[in-house]
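To be precise, the following lines are entry.cif, and they hold mmCIF, C-alpha atoms.
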```
data_my_file
loop_
_atom_site.group_PDB
_atom_site.id
_atom_site.type_symbol
_atom_site.label_atom_id
_atom_site.label_comp_id
_atom_site.auth_asym_id
_atom_site.auth_seq_id
_atom_site.Cartn_x
_atom_site.Cartn_y
_atom_site.Cartn_z
ATOM 1 C CA ALA A 12 119.046 120.660 206.055
ATOM 2 C CA LEU A 13 120.677 121.096 202.646
ATOM 3 C CA VAL A 14 123.709 122.777 204.201
ATOM 4 C CA PHE A 15 124.019 119.957 206.740
ATOM 5 C CA THR A 16 123.800 117.354 203.981
ATOM 6 C CA LEU A 17 126.536 119.045 201.946
ATOM 7 C CA VAL A 18 128.825 119.408 204.963
ATOM 8 C CA ALA A 19 128.238 115.808 205.982
ATOM 9 C CA ALA A 20 128.964 114.540 202.474
ATOM 10 C CA SER A 21 132.202 116.510 202.340
ATOM 11 C CA ALA A 22 133.240 115.334 205.783
ATOM 12 C CA PHE A 23 132.916 111.690 204.775
ATOM 13 C CA GLY A 24 134.532 112.212 201.380
ATOM 14 C CA ALA A 25 138.100 111.446 200.484
ATOM 15 C CA VAL A 26 140.516 112.810 197.936
ATOM 16 C CA GLN A 27 140.786 110.432 194.999
ATOM 17 C CA THR A 28 143.337 110.222 192.189
ATOM 18 C CA ARG A 29 143.151 108.645 188.762
ATOM 19 C CA THR A 30 145.927 108.321 186.219
ATOM 20 C CA VAL A 31 144.635 109.345 182.804
ATOM 21 C CA GLU A 32 146.474 108.186 179.690
ATOM 22 C CA TYR A 33 145.739 110.264 176.609
ATOM 23 C CA ARG A 34 147.368 111.114 173.292
ATOM 24 C CA HIS A 35 148.440 114.051 171.219
ATOM 25 C CA ALA A 36 149.126 112.856 167.671
ATOM 26 C CA GLU A 37 151.502 109.901 168.138
ATOM 27 C CA THR A 38 152.680 110.877 171.617
ATOM 28 C CA VAL A 39 151.273 109.087 174.663
ATOM 29 C CA LEU A 40 150.759 111.456 177.594
ATOM 30 C CA GLU A 41 149.964 110.697 181.230
ATOM 31 C CA GLY A 42 148.014 113.093 183.415
ATOM 32 C CA VAL A 43 146.539 112.728 186.884
ATOM 33 C CA LEU A 44 143.013 113.728 187.910
ATOM 34 C CA VAL A 45 142.448 114.538 191.594
ATOM 35 C CA TRP A 46 139.050 115.170 193.208
ATOM 36 C CA ASP A 47 137.160 114.844 196.495
ATOM 37 C CA ASP A 48 134.416 112.228 196.225
ATOM 38 C CA GLY A 49 132.519 113.949 199.034
ATOM 39 C CA VAL A 50 131.666 116.799 196.679
ATOM 40 C CA GLY A 51 128.537 116.011 194.705
ATOM 41 C CA GLY A 52 128.066 116.637 191.022
ATOM 42 C CA PRO A 53 130.551 117.903 188.438
ATOM 43 C CA ARG A 54 133.124 120.219 189.978
ATOM 44 C CA PRO A 55 134.802 123.263 188.464
ATOM 45 C CA GLY A 56 138.074 122.137 186.915
ATOM 46 C CA VAL A 57 141.631 123.377 187.274
ATOM 47 C CA LEU A 58 144.300 122.406 184.760
ATOM 48 C CA ILE A 59 147.771 122.353 186.361
ATOM 49 C CA ALA A 60 150.840 122.819 184.142
ATOM 50 C CA HIS A 61 154.064 121.458 185.552
ATOM 51 C CA ALA A 62 157.453 123.087 186.066
ATOM 52 C CA TRP A 63 160.376 122.281 183.804
ATOM 53 C CA LYS A 64 161.288 118.855 185.244
ATOM 54 C CA GLY A 65 157.852 117.467 184.352
ATOM 55 C CA PRO A 66 154.858 116.543 186.506
ATOM 56 C CA GLY A 67 155.804 115.435 189.989
ATOM 57 C CA GLU A 68 154.972 115.571 193.684
ATOM 58 C CA TYR A 69 154.792 119.364 193.822
ATOM 59 C CA GLU A 70 152.053 119.545 191.214
ATOM 60 C CA LEU A 71 150.225 116.579 192.779
ATOM 61 C CA GLY A 72 150.329 118.322 196.138
ATOM 62 C CA ARG A 73 148.724 121.412 194.644
ATOM 63 C CA ALA A 74 146.131 119.212 192.953
ATOM 64 C CA ARG A 75 145.233 117.635 196.300
ATOM 65 C CA GLN A 76 144.836 121.075 197.866
ATOM 66 C CA LEU A 77 142.509 122.132 195.064
ATOM 67 C CA ALA A 78 140.525 118.892 195.352
ATOM 68 C CA GLU A 79 140.015 119.562 199.061
ATOM 69 C CA MET A 80 138.605 122.965 198.091
ATOM 70 C CA GLY A 81 136.033 121.319 195.826
ATOM 71 C CA TYR A 82 137.740 121.413 192.430
ATOM 72 C CA ALA A 83 138.579 118.645 189.976
ATOM 73 C CA ALA A 84 142.289 119.190 189.355
ATOM 74 C CA PHE A 85 144.162 117.712 186.393
ATOM 75 C CA VAL A 86 147.953 117.649 186.283
ATOM 76 C CA LEU A 87 148.775 117.748 182.590
ATOM 77 C CA ASP A 88 151.765 116.224 180.812
ATOM 78 C CA ILE A 89 153.556 118.266 178.171
ATOM 79 C CA TYR A 90 156.584 115.997 177.685
ATOM 80 C CA GLY A 91 155.090 112.516 177.256
ATOM 81 C CA LYS A 92 154.555 109.446 179.410
ATOM 82 C CA GLY A 93 157.676 108.634 181.397
ATOM 83 C CA VAL A 94 159.647 111.583 179.994
ATOM 84 C CA ARG A 95 160.930 113.390 183.083
ATOM 85 C CA ALA A 96 164.069 115.381 183.806
ATOM 86 C CA ALA A 97 166.481 114.113 186.451
ATOM 87 C CA ASN A 98 168.389 117.383 186.786
ATOM 88 C CA ALA A 99 168.450 121.025 185.705
ATOM 89 C CA ASP A 100 170.382 120.340 182.495
ATOM 90 C CA GLU A 101 167.847 117.743 181.342
ATOM 91 C CA ALA A 102 164.992 120.035 182.363
ATOM 92 C CA ARG A 103 166.465 122.925 180.392
ATOM 93 C CA ALA A 104 166.741 120.723 177.302
ATOM 94 C CA LEU A 105 163.197 119.378 177.605
ATOM 95 C CA ALA A 106 161.608 122.744 178.272
ATOM 96 C CA GLY A 107 163.633 124.232 175.438
ATOM 97 C CA ILE A 108 161.963 121.936 172.901
ATOM 98 C CA TYR A 109 158.553 123.420 173.640
ATOM 99 C CA ARG A 110 159.690 126.987 174.226
ATOM 100 C CA ALA A 111 161.210 126.841 170.747
ATOM 101 C CA ASP A 112 157.961 125.451 169.283
ATOM 102 C CA ARG A 113 155.049 127.392 170.769
ATOM 103 C CA PRO A 114 152.431 125.875 168.434
ATOM 104 C CA LEU A 115 153.402 122.431 169.774
ATOM 105 C CA MET A 116 153.311 123.698 173.363
ATOM 106 C CA ARG A 117 149.852 125.155 172.803
ATOM 107 C CA ALA A 118 148.590 121.996 171.125
ATOM 108 C CA ARG A 119 149.781 119.797 174.011
ATOM 109 C CA ALA A 120 148.125 122.098 176.539
ATOM 110 C CA GLN A 121 144.912 122.264 174.523
ATOM 111 C CA ARG A 122 144.803 118.476 174.328
ATOM 112 C CA ALA A 123 145.090 118.297 178.131
ATOM 113 C CA LEU A 124 142.296 120.844 178.476
ATOM 114 C CA GLU A 125 140.061 118.687 176.289
ATOM 115 C CA GLU A 126 140.899 115.648 178.417
ATOM 116 C CA LEU A 127 140.011 117.461 181.640
ATOM 117 C CA LYS A 128 136.688 118.625 180.194
ATOM 118 C CA ALA A 129 135.868 115.025 179.248
ATOM 119 C CA GLN A 130 136.238 113.707 182.807
ATOM 120 C CA PRO A 131 132.867 113.012 184.487
ATOM 121 C CA GLU A 132 134.005 114.667 187.726
ATOM 122 C CA CYS A 133 134.562 117.988 185.939
ATOM 123 C CA ASP A 134 132.134 120.708 184.863
ATOM 124 C CA PRO A 135 133.446 121.642 181.383
ATOM 125 C CA ALA A 136 131.787 125.061 181.564
ATOM 126 C CA ARG A 137 133.906 126.132 184.570
ATOM 127 C CA ILE A 138 137.622 125.717 183.927
ATOM 128 C CA ALA A 139 140.776 127.564 184.982
ATOM 129 C CA ALA A 140 144.441 126.793 184.252
ATOM 130 C CA ILE A 141 147.413 127.418 186.526
ATOM 131 C CA GLY A 142 151.107 126.779 186.033
ATOM 132 C CA TYR A 143 154.460 127.054 187.743
ATOM 133 C CA CYS A 144 157.690 128.302 186.126
ATOM 134 C CA PHE A 145 157.734 126.567 182.704
ATOM 135 C CA GLY A 146 154.099 125.697 183.346
ATOM 136 C CA GLY A 147 153.258 129.349 183.929
ATOM 137 C CA GLY A 148 154.438 130.014 180.407
ATOM 138 C CA VAL A 149 152.394 127.060 179.161
ATOM 139 C CA VAL A 150 149.094 128.366 180.559
ATOM 140 C CA LEU A 151 149.802 131.869 179.272
ATOM 141 C CA GLU A 152 150.331 130.411 175.791
ATOM 142 C CA LEU A 153 147.022 128.606 176.199
ATOM 143 C CA ALA A 154 145.356 131.922 177.034
ATOM 144 C CA ARG A 155 147.029 133.668 174.085
ATOM 145 C CA SER A 156 145.669 130.964 171.783
ATOM 146 C CA GLY A 157 142.096 131.886 172.708
ATOM 147 C CA ALA A 158 141.399 128.710 174.671
ATOM 148 C CA ASP A 159 137.973 128.421 176.296
ATOM 149 C CA LEU A 160 138.997 129.153 179.892
ATOM 150 C CA ASP A 161 137.524 131.310 182.645
ATOM 151 C CA ALA A 162 140.871 132.194 184.199
ATOM 152 C CA VAL A 163 144.611 131.593 183.902
ATOM 153 C CA VAL A 164 147.160 132.046 186.696
ATOM 154 C CA SER A 165 150.936 132.001 186.187
ATOM 155 C CA PHE A 166 153.224 131.569 189.197
ATOM 156 C CA HIS A 167 156.784 132.804 188.506
ATOM 157 C CA GLY A 168 156.339 131.747 184.885
ATOM 158 C CA ASN A 169 157.919 132.635 181.561
ATOM 159 C CA LEU A 170 156.156 135.702 180.151
ATOM 160 C CA ASP A 171 157.624 136.061 176.661
ATOM 161 C CA SER A 172 156.040 134.780 173.472
ATOM 162 C CA PRO A 173 156.866 134.957 169.757
ATOM 163 C CA LEU A 174 153.112 134.681 169.074
ATOM 164 C CA PRO A 175 151.420 137.648 170.758
ATOM 165 C CA PRO A 176 147.624 137.642 170.615
ATOM 166 C CA LYS A 177 145.554 140.103 168.663
ATOM 167 C CA ALA A 178 142.907 142.251 170.300
ATOM 168 C CA GLY A 179 140.059 140.039 171.456
ATOM 169 C CA ASP A 180 141.966 136.750 171.216
ATOM 170 C CA VAL A 181 142.397 136.253 174.971
ATOM 171 C CA ARG A 182 139.171 134.939 176.502
ATOM 172 C CA ALA A 183 140.442 134.110 179.994
ATOM 173 C CA SER A 184 141.010 136.552 182.833
ATOM 174 C CA ILE A 185 144.725 136.528 183.650
ATOM 175 C CA LEU A 186 146.605 136.764 186.939
ATOM 176 C CA VAL A 187 150.410 136.779 186.919
ATOM 177 C CA CYS A 188 152.164 136.289 190.278
ATOM 178 C CA HIS A 189 155.758 137.328 189.740
ATOM 179 C CA GLY A 190 158.716 138.432 191.831
ATOM 180 C CA GLY A 191 159.967 141.943 191.118
ATOM 181 C CA ASP A 192 163.583 140.771 191.558
ATOM 182 C CA ASP A 193 163.229 137.504 189.606
ATOM 183 C CA PRO A 194 166.537 137.243 187.676
ATOM 184 C CA GLY A 195 165.144 134.768 185.145
ATOM 185 C CA VAL A 196 162.366 137.084 183.995
ATOM 186 C CA PRO A 197 163.431 140.661 184.825
ATOM 187 C CA MET A 198 161.147 143.685 184.962
ATOM 188 C CA ALA A 199 161.844 144.621 181.356
ATOM 189 C CA GLN A 200 160.149 141.384 180.272
ATOM 190 C CA VAL A 201 157.334 141.962 182.756
ATOM 191 C CA ASN A 202 156.695 145.387 181.262
ATOM 192 C CA THR A 203 156.714 143.941 177.735
ATOM 193 C CA PHE A 204 154.150 141.360 178.829
ATOM 194 C CA VAL A 205 151.918 144.038 180.357
ATOM 195 C CA GLU A 206 151.974 146.001 177.117
ATOM 196 C CA GLU A 207 151.256 142.831 175.130
ATOM 197 C CA MET A 208 148.173 142.115 177.257
ATOM 198 C CA ARG A 209 146.988 145.709 177.020
ATOM 199 C CA SER A 210 147.277 145.610 173.244
ATOM 200 C CA ALA A 211 145.269 142.372 173.262
ATOM 201 C CA LYS A 212 142.560 144.015 175.416
ATOM 202 C CA ALA A 213 142.984 141.195 177.916
ATOM 203 C CA ASP A 214 141.562 141.246 181.435
#
```
Show this structure as structure tokens.
Amino acid sequence: ALVFTLVAASAFGAVQTRTVEYRHAETVLEGVLVWDDGVGGPRPGVLIAHAWKGPGEYELGRARQLAEMGYAAFVLDIYGKGVRAANADEARALAGIYRADRPLMRARAQRALEELKAQPECDPARIAAIGYCFGGGVVLELARSGADLDAVVSFHGNLDSPLPPKAGDVRASILVCHGGDDPGVPMAQVNTFVEEMRSAKAD
């Protein structure tokens, strides 16, 4: 009967979205929370870090997929409300600001993590973070900082960091999905990352 009730609730549920305005210092940020209202109770959360143009339809599509699987997904905003790149040159400039200032990148990501944990649809004790390209680098920086996360997944993300963690700093389990022939992050950088994680005793 319990199984039937859960299946029935999910079947009649619908994916919902809510724009969430939040702040880091003086900067106004705008994230999007996505969840299935057919899933009862607080759901495990997934923080989604955007690629270099800023949050857009790709990230929202992934959030909807995760919501359909029973997660509360939150598309974070590193750049600021309304700050989006129209082309590769603008994206390179925007991403470069945060790649050159990793403490700021980490602080923006941490602020988004706090916002996700505060949402009533989310179980703050069960959180993962995923990111694409620039966003892959963002979630890895979050892991390096010792953020309270169960898991971090980077998809074709930046792997380098000027702030490598010390042994024991990384609390999250880490999965890096990366192309062996990726010209932007070649195998030499992959190998450096592997050694960095080994030195940090990361999972």
Residues within 10 Å of A:Ala139, all atoms listed in the file, excluding chain neighbours under 4 positions, as an mmCIF file with C-alpha atoms, keeping the file's coordinate frame:
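The file below, selection_18.cif, is the result:
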```
data_model
loop_
_atom_site.group_PDB
_atom_site.id
_atom_site.type_symbol
_atom_site.label_atom_id
_atom_site.label_comp_id
_atom_site.auth_asym_id
_atom_site.auth_seq_id
_atom_site.Cartn_x
_atom_site.Cartn_y
_atom_site.Cartn_z
ATOM 1 C CA PRO A 55 134.802 123.263 188.464
ATOM 2 C CA GLY A 56 138.074 122.137 186.915
ATOM 3 C CA VAL A 57 141.631 123.377 187.274
ATOM 4 C CA LEU A 58 144.300 122.406 184.760
ATOM 5 C CA ILE A 59 147.771 122.353 186.361
ATOM 6 C CA ALA A 84 142.289 119.190 189.355
ATOM 7 C CA LEU A 124 142.296 120.844 178.476
ATOM 8 C CA VAL A 150 149.094 128.366 180.559
ATOM 9 C CA ASP A 159 137.973 128.421 176.296
ATOM 10 C CA LEU A 160 138.997 129.153 179.892
ATOM 11 C CA ASP A 161 137.524 131.310 182.645
ATOM 12 C CA ALA A 162 140.871 132.194 184.199
ATOM 13 C CA VAL A 163 144.611 131.593 183.902
ATOM 14 C CA VAL A 164 147.160 132.046 186.696
ATOM 15 C CA ALA A 183 140.442 134.110 179.994
ATOM 16 C CA SER A 184 141.010 136.552 182.833
ATOM 17 C CA ILE A 185 144.725 136.528 183.650
#
```
Please give the centre and size of the box around stretch 94-102 of chain A (axis-aligned, containing every atom listed in the file, 4 Å added per side), with values in Å to one decimal and written as AutoDock Vina command-line options.
```
--center_x 165.0 --center_y 116.3 --center_z 183.4 --size_x 18.7 --size_y 17.4 --size_z 14.8
```
Query raised in the report: Any idea what the distance is between atom CA of A:Ala102 and atom CA of A:Glu37?
Result: 22.1 Å
Report task. May I have the residues within 7 Å of A:Gly157 as a count of residues only, using only C-alpha atoms and disregarding those fewer than 6 positions away in the same chain? Result -> 3
Query raised in the report: Could you name the residues that touch A:Ala78 at 7 Å or less, counting all atoms listed in the file, but leaving out those on the same chain fewer than 5 positions away, as a PyMOL selection string?
Result: chain A and resi 26+45-47+83-84
Can you write just those residues out, C-alpha atoms, as a PDB file, keeping the file's coordinate frame?
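Full text of selection.pdb as output:
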```pdb
ATOM      1  CA  VAL A  26     140.516 112.810 197.936  1.00  0.00           C
ATOM      2  CA  VAL A  45     142.448 114.538 191.594  1.00  0.00           C
ATOM      3  CA  TRP A  46     139.050 115.170 193.208  1.00  0.00           C
ATOM      4  CA  ASP A  47     137.160 114.844 196.495  1.00  0.00           C
ATOM      5  CA  ALA A  83     138.579 118.645 189.976  1.00  0.00           C
ATOM      6  CA  ALA A  84     142.289 119.190 189.355  1.00  0.00           C
TER       7      ALA A  84
END
```
Requested in this report: List the residues matched by the PyMOL selection byres ((chain A and resi 60-68) around 9) in the displayed structure as a PyMOL selection string, ordered by chain and then by residue number.
Outcome: chain A and resi 42+58-59+69-73+85-90+94-99+101-103+105-106+120+140-150+168
Report summary line: Using all atoms listed in the file, the shortest atom-to-atom distance to A:Gly91 among A:Asp48, A:Asp193, A:Glu152, A:Glu32 belongs to A:Glu32
Report task. Measuring atom to atom with only C-alpha atoms, identify which of A:Ala154, A:Ala213, A:Val43, A:Cys188 is nearest to A:Ala74. Result -> A:Val43
**Report entry** Polymer residues at most 12 Å from A:Glu207, all atoms listed in the file, same-chain spacing of 2 or more positions, as a PyMOL selection string
**Finding:** chain A and resi 151+155+170-178+180-181+200-205+209-214
Report task. Would you mind listing what lies within 10 Å of A:Ala118 as an MDAnalysis selection string, with only C-alpha atoms counted and same-chain residues fewer than 3 positions away left out? Result -> chainID A and resid 35:36 89 113:115 121:124 152:153 156
Next, write the just-selected residues to a file, as an mmCIF file, keeping the file's coordinate frame, keeping C-alpha atoms as the atom set.
```cif
data_model
loop_
_atom_site.group_PDB
_atom_site.id
_atom_site.type_symbol
_atom_site.label_atom_id
_atom_site.label_comp_id
_atom_site.auth_asym_id
_atom_site.auth_seq_id
_atom_site.Cartn_x
_atom_site.Cartn_y
_atom_site.Cartn_z
ATOM 1 C CA HIS A 35 148.440 114.051 171.219
ATOM 2 C CA ALA A 36 149.126 112.856 167.671
ATOM 3 C CA ILE A 89 153.556 118.266 178.171
ATOM 4 C CA ARG A 113 155.049 127.392 170.769
ATOM 5 C CA PRO A 114 152.431 125.875 168.434
ATOM 6 C CA LEU A 115 153.402 122.431 169.774
ATOM 7 C CA GLN A 121 144.912 122.264 174.523
ATOM 8 C CA ARG A 122 144.803 118.476 174.328
ATOM 9 C CA ALA A 123 145.090 118.297 178.131
ATOM 10 C CA LEU A 124 142.296 120.844 178.476
ATOM 11 C CA GLU A 152 150.331 130.411 175.791
ATOM 12 C CA LEU A 153 147.022 128.606 176.199
ATOM 13 C CA SER A 156 145.669 130.964 171.783
#
```
